[in-house]
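Have a look at the structure below, then the notes.
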Amino acid sequence: MEATLSTFFSINTDSLMDNTQATFDVYTLVDTDPAKAKPEDYVVYAKAPYQWTHRELTDLVRIGVEQLFVQESQRAAYARYVALKEVRKLHVDESLEPRFRIRQIQDVASHLVEACMLTPMDEVIVEKLGDVAQGMVKCLELDPRAIVNIQTLGEYSLYTYIHCAGVSAITPAIAMQMGERDHDKLVQLALAGLMHDIGKKHVPGSVLNKSGPLSPEEWRQMRAHPELGVREIEGLGFSKMVMESVGLHHEKLDGSGYPNGLTAADLPDFVQIVTVADIFSALTTSRCYHFKRNRYEALMFMKQELQGKISKEAFRCLVESLVIDPSEKREA
Ligand SMILES: [Fe+2]
Ligand SMILES: [Fe+2]
């Protein structure tokens, strides 16, 4: 009977949507208590690929079917479907001022990064990533100061997604401060920010979410994420700029980074921008207030501890793009 519980899991009927192809089979239980159901009690209701109609969904709700079931082996397909639903649902209100709109875009971006991490990437996701990167850059082009409004605090499980969404705003903001005005280049930088940690999808959750220090073996797994990331998105049509940012964002100018210990001469300028944005976002994005540095503290840390390791120019432009308010020093 234990096997029954792990074979199927329940989903809410209202998590299904019309006009989107479901890539998982949906089952129903007839006159059986889910707690006592055996695998043979589940009856296929809709075999994948299935295009639900609005009518079917409202009928199900009308007759009181609130719960349906999916096989455990198709959990990833369902997770991706739900994540994409969130992306579709989160409407970006174009009439909002950029400084408010950027929060909405970041929200969409973090759900999208979640979809990328949970499931295989394909052209649908790649296209949506491009849309989000465009939205982010448009916002910054209208108001570079919008960057100060990005979200930096995440729920435990959303940390990585919020971080990537943050880096995708900070990277083009720094580049703009450095004088970059080429819209397409800025969009590529935003995409690089979204994708930079994609390799973490292959790092065990026990390592990613560990609160204590990592063992040497765990470090080895963590340090593999840039190379795993490059492998993950190879062949999906991403630009050289995005690919190099994914593979090189943990390298440092003095050769102390990983995976290859490259030095300044081997690191393109745009990668150095991603690195600065990544470090700043990691320092200021946290799972709880206790570990979070405020922006002032993060910049002071970078200035004191990372001299010679990160691009001076990108760092200066990061500071300028934030124009720190002195009152922030008093923040917890
Ligand atoms: Fe990383
Ligand atoms: Fe990162």
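By convention here, the chains of the structure tokens are called A, B, ... in the order presented, each chain's residues are numbered starting at 1, and ligands are numbered starting at 1 in the order presented.
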
Item to complete: Could you give me, as an MDAnalysis selection string, each residue of range 34-104 of chain A that DSSP assigns to strand (DSSP E) when run on this structure's backbone?
Response: chainID A and resid 42:46 50:51 67:71

What does the file look like for those residues with C-alpha atoms, as a compact mmCIF listing (two decimals), in the first residue's frame?
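This went into selection28.txt:
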# COMPACT_ATOMS: atom_id res chain seq x y z
CA TYR A 42 -6.84 5.04 -10.84
CA VAL A 43 -8.52 5.49 -14.20
CA VAL A 44 -6.96 7.49 -17.03
CA TYR A 45 -9.03 10.60 -17.57
CA ALA A 46 -6.86 12.40 -20.13
CA TYR A 50 -3.88 16.58 -24.04
CA GLN A 51 -5.31 19.97 -24.79
CA GLN A 67 -8.89 16.70 -7.20
CA LEU A 68 -7.26 14.71 -9.97
CA PHE A 69 -4.12 12.57 -10.00
CA VAL A 70 -0.81 12.36 -11.82
CA GLN A 71 1.72 9.54 -11.77

Practice prompt. Please check which protein, DNA or RNA residues sit within 8 Å of ligand 1, counting only C-alpha atoms and all ligand atoms, and write them as number ranges by chain.
Written response: A: 196-197, 200, 225-226, 246, 249-250, 278

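Straight-line separation from CA of Ala115 in chain A to CA of His54 in chain A: 23.8 Å.
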
What does the list of residues within 12 Å of ligand 2 look like if you count only C-alpha atoms and all ligand atoms, written as a compact mmCIF listing (two decimals) with C-alpha atoms, in the first residue's frame?
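Below is the file that was written, pocket_3.txt:
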# COMPACT_ATOMS: atom_id res chain seq x y z
CA TYR A 159 16.26 31.66 -3.40
CA THR A 160 18.11 30.57 -6.56
CA TYR A 161 15.30 31.73 -8.84
CA ILE A 162 15.04 35.16 -7.24
CA HIS A 163 18.82 35.47 -7.33
CA CYS A 164 18.96 34.71 -11.08
CA ALA A 165 16.11 37.12 -11.77
CA GLY A 166 18.02 39.76 -9.79
CA VAL A 167 21.26 39.18 -11.70
CA SER A 168 19.34 39.58 -14.96
CA ILE A 170 21.66 44.13 -12.32
CA THR A 171 23.87 42.99 -15.24
CA ALA A 192 23.12 35.77 -19.29
CA GLY A 193 21.96 36.83 -15.84
CA LEU A 194 18.89 34.61 -16.04
CA MET A 195 20.90 31.60 -17.17
CA HIS A 196 24.18 31.98 -15.29
CA ASP A 197 23.38 29.43 -12.56
CA ILE A 198 21.36 27.01 -14.69
CA GLY A 199 23.97 24.30 -13.99
CA LYS A 200 22.75 24.24 -10.38
CA LEU A 208 22.65 23.73 -2.61
CA MET A 222 29.04 22.93 -6.34
CA ARG A 223 32.02 24.06 -8.41
CA HIS A 225 27.81 24.10 -11.94
CA PRO A 226 29.36 26.46 -14.53
CA GLY A 229 25.35 24.85 -17.13
CA SER A 245 28.82 34.00 -18.98
CA VAL A 246 27.43 30.66 -17.81
CA GLY A 247 30.82 28.96 -18.05
CA LEU A 248 33.05 31.71 -16.70
CA HIS A 249 31.07 33.67 -14.11
CA HIS A 250 33.05 32.23 -11.18
CA VAL A 274 27.99 39.24 -14.81
CA THR A 275 30.47 38.25 -12.08
CA VAL A 276 30.08 41.57 -10.26
CA ALA A 277 26.27 41.42 -10.55
CA ASP A 278 26.28 37.80 -9.37
CA ILE A 279 28.38 38.49 -6.26
CA PHE A 280 26.37 41.56 -5.32
CA SER A 281 23.08 39.72 -5.75
CA ALA A 282 24.31 36.70 -3.77
CA LEU A 283 25.42 38.95 -0.91
CA THR A 284 22.15 40.87 -0.77
CA THR A 285 19.70 38.07 -1.59

Considering only C-alpha atoms, tabulate each residue of range 53-143 of chain A that lies at most 12 Å from range 11-33 of chain A along with its nearest interatomic pair and the corresponding distance in Å to one decimal; arrange the rows by chain and ascending residue number and present them as a tab-separated table.
residue	atom	partner	partner_atom	distance
A:Thr53	CA	A:Asp18	CA	4.9
A:His54	CA	A:Asp18	CA	5.3
A:Arg55	CA	A:Asp18	CA	8.8
A:Glu56	CA	A:Asp18	CA	8.8
A:Leu57	CA	A:Leu16	CA	7.6
A:Thr58	CA	A:Asp14	CA	9.0
A:Asp59	CA	A:Thr13	CA	10.7
A:Leu60	CA	A:Thr13	CA	7.6
A:Val61	CA	A:Thr13	CA	7.2
A:Arg62	CA	A:Thr13	CA	11.0
A:Ile63	CA	A:Thr13	CA	11.5
A:Gly64	CA	A:Thr13	CA	9.7
A:Val65	CA	A:Thr13	CA	7.0
A:Glu66	CA	A:Thr13	CA	5.1
A:Gln67	CA	A:Asn12	CA	4.9
A:Leu68	CA	A:Thr28	CA	5.3
A:Phe69	CA	A:Tyr27	CA	4.8
A:Val70	CA	A:Val26	CA	5.3
A:Gln71	CA	A:Asp25	CA	7.4
A:Glu72	CA	A:Phe24	CA	10.2
A:Ser73	CA	A:Phe24	CA	9.4
A:Gln74	CA	A:Phe24	CA	6.0
A:Arg75	CA	A:Phe24	CA	8.2
A:Ala76	CA	A:Phe24	CA	9.1
A:Ala77	CA	A:Phe24	CA	6.1
A:Tyr78	CA	A:Phe24	CA	6.4
A:Ala79	CA	A:Phe24	CA	10.1
A:Arg80	CA	A:Thr23	CA	9.5
A:Tyr81	CA	A:Ala22	CA	7.1
A:Val82	CA	A:Ser15	CA	7.0
A:Ala83	CA	A:Ser15	CA	10.4
A:Leu84	CA	A:Thr20	CA	9.6
A:Lys85	CA	A:Met17	CA	7.7
A:Glu86	CA	A:Ser15	CA	10.0
A:Arg88	CA	A:Thr20	CA	10.3
A:Lys89	CA	A:Met17	CA	10.4
A:Thr119	CA	A:Thr23	CA	11.9
A:Val124	CA	A:Thr20	CA	11.7

Worksheet item: So how far away is CA of Glu232 in chain A from CA of Gln188 in chain A, in Å?
Response: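 Between these atoms lies a distance of 17.6 Å.
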
Worksheet entry | For CA of Leu322 in chain A and CA of Arg145 in chain A, the interatomic separation in Å (one decimal) | 7.3 Å

Interface rows for range 124-200 of chain A against range 95-104 of chain A: nearest pair, Å to one decimal, 6 Å, only C-alpha atoms, as a tab-separated table:
residue	atom	partner	partner_atom	distance
A:Cys139	CA	A:Pro98	CA	5.1
A:Ala146	CA	A:Arg99	CA	4.1
A:Ile150	CA	A:Arg103	CA	5.7

Worksheet entry | Spatial neighbours of Trp219 in chain A, 9 Å, only C-alpha atoms, chain gap at least 5 places, as a list in words | Val207, Leu214 and Ala224 of chain A

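Closest approach to Val203 in chain A from the set A:Leu186, A:Val137, A:Leu118, A:Leu253 is made by A:Leu118, with distances taken over only C-alpha atoms.
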
Discussion item. For the structure I just gave you, how does DSSP split range 167-263 of chain A - specifically, which residues are helix (DSSP H, G or I)? Reply as a ChimeraX atom specification.
Written reply: /A:167-177,183-195,198-202,205-208,216-223,225-233,240-248

Serialized selection, C-alpha atoms, as a PDB file, in the first residue's frame:
ATOM      1  CA  VAL A 167      21.256  39.184 -11.698  1.00  0.00           C
ATOM      2  CA  SER A 168      19.342  39.582 -14.962  1.00  0.00           C
ATOM      3  CA  ALA A 169      18.361  43.115 -13.909  1.00  0.00           C
ATOM      4  CA  ILE A 170      21.663  44.135 -12.325  1.00  0.00           C
ATOM      5  CA  THR A 171      23.869  42.990 -15.240  1.00  0.00           C
ATOM      6  CA  PRO A 172      22.339  45.259 -17.932  1.00  0.00           C
ATOM      7  CA  ALA A 173      22.043  48.081 -15.371  1.00  0.00           C
ATOM      8  CA  ILE A 174      25.815  47.992 -14.801  1.00  0.00           C
ATOM      9  CA  ALA A 175      26.481  47.809 -18.548  1.00  0.00           C
ATOM     10  CA  MET A 176      24.270  50.850 -19.139  1.00  0.00           C
ATOM     11  CA  GLN A 177      26.150  52.736 -16.461  1.00  0.00           C
ATOM     12  CA  HIS A 183      19.625  47.203 -26.956  1.00  0.00           C
ATOM     13  CA  ASP A 184      20.395  43.701 -28.260  1.00  0.00           C
ATOM     14  CA  LYS A 185      23.593  43.487 -26.262  1.00  0.00           C
ATOM     15  CA  LEU A 186      21.747  44.558 -23.127  1.00  0.00           C
ATOM     16  CA  VAL A 187      19.118  41.876 -23.736  1.00  0.00           C
ATOM     17  CA  GLN A 188      21.884  39.275 -24.091  1.00  0.00           C
ATOM     18  CA  LEU A 189      23.317  40.438 -20.777  1.00  0.00           C
ATOM     19  CA  ALA A 190      19.914  40.101 -19.105  1.00  0.00           C
ATOM     20  CA  LEU A 191      19.631  36.589 -20.564  1.00  0.00           C
ATOM     21  CA  ALA A 192      23.120  35.769 -19.293  1.00  0.00           C
ATOM     22  CA  GLY A 193      21.965  36.826 -15.839  1.00  0.00           C
ATOM     23  CA  LEU A 194      18.891  34.609 -16.039  1.00  0.00           C
ATOM     24  CA  MET A 195      20.899  31.601 -17.171  1.00  0.00           C
ATOM     25  CA  ILE A 198      21.359  27.009 -14.694  1.00  0.00           C
ATOM     26  CA  GLY A 199      23.970  24.304 -13.991  1.00  0.00           C
ATOM     27  CA  LYS A 200      22.754  24.242 -10.377  1.00  0.00           C
ATOM     28  CA  LYS A 201      19.850  22.126 -11.520  1.00  0.00           C
ATOM     29  CA  HIS A 202      22.315  19.237 -11.545  1.00  0.00           C
ATOM     30  CA  GLY A 205      19.526  19.982  -3.285  1.00  0.00           C
ATOM     31  CA  SER A 206      21.256  18.740  -0.130  1.00  0.00           C
ATOM     32  CA  VAL A 207      24.391  20.608  -1.273  1.00  0.00           C
ATOM     33  CA  LEU A 208      22.649  23.725  -2.609  1.00  0.00           C
ATOM     34  CA  PRO A 216      35.454  18.928  -0.062  1.00  0.00           C
ATOM     35  CA  GLU A 217      33.256  16.546  -2.077  1.00  0.00           C
ATOM     36  CA  GLU A 218      30.271  18.910  -1.800  1.00  0.00           C
ATOM     37  CA  TRP A 219      32.470  21.780  -2.951  1.00  0.00           C
ATOM     38  CA  ARG A 220      33.515  19.745  -5.940  1.00  0.00           C
ATOM     39  CA  GLN A 221      29.848  19.251  -6.833  1.00  0.00           C
ATOM     40  CA  MET A 222      29.044  22.932  -6.338  1.00  0.00           C
ATOM     41  CA  ARG A 223      32.019  24.064  -8.408  1.00  0.00           C
ATOM     42  CA  HIS A 225      27.811  24.096 -11.940  1.00  0.00           C
ATOM     43  CA  PRO A 226      29.358  26.462 -14.533  1.00  0.00           C
ATOM     44  CA  GLU A 227      30.437  23.553 -16.762  1.00  0.00           C
ATOM     45  CA  LEU A 228      27.196  21.666 -16.185  1.00  0.00           C
ATOM     46  CA  GLY A 229      25.350  24.851 -17.130  1.00  0.00           C
ATOM     47  CA  VAL A 230      27.158  25.162 -20.443  1.00  0.00           C
ATOM     48  CA  ARG A 231      26.300  21.549 -21.235  1.00  0.00           C
ATOM     49  CA  GLU A 232      22.679  22.140 -20.261  1.00  0.00           C
ATOM     50  CA  ILE A 233      22.075  24.988 -22.708  1.00  0.00           C
ATOM     51  CA  LYS A 240      28.322  33.221 -27.261  1.00  0.00           C
ATOM     52  CA  MET A 241      27.847  35.970 -24.695  1.00  0.00           C
ATOM     53  CA  VAL A 242      25.343  33.894 -22.730  1.00  0.00           C
ATOM     54  CA  MET A 243      27.361  30.673 -23.062  1.00  0.00           C
ATOM     55  CA  GLU A 244      30.580  32.305 -21.862  1.00  0.00           C
ATOM     56  CA  SER A 245      28.817  33.999 -18.975  1.00  0.00           C
ATOM     57  CA  VAL A 246      27.428  30.660 -17.811  1.00  0.00           C
ATOM     58  CA  GLY A 247      30.818  28.957 -18.045  1.00  0.00           C
ATOM     59  CA  LEU A 248      33.055  31.710 -16.701  1.00  0.00           C
TER      60      LEU A 248
END

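Counting only C-alpha atoms and comparing A:Lys128, A:Lys309, A:Arg295, A:His111, the residue that lies closest to Asp254 in chain A is A:Lys309.
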
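Checking A:Phe270, A:Arg181, A:Thr7, A:Leu262 one by one against Pro144 in chain A, counting only C-alpha atoms, you find the shortest gap at A:Arg181.
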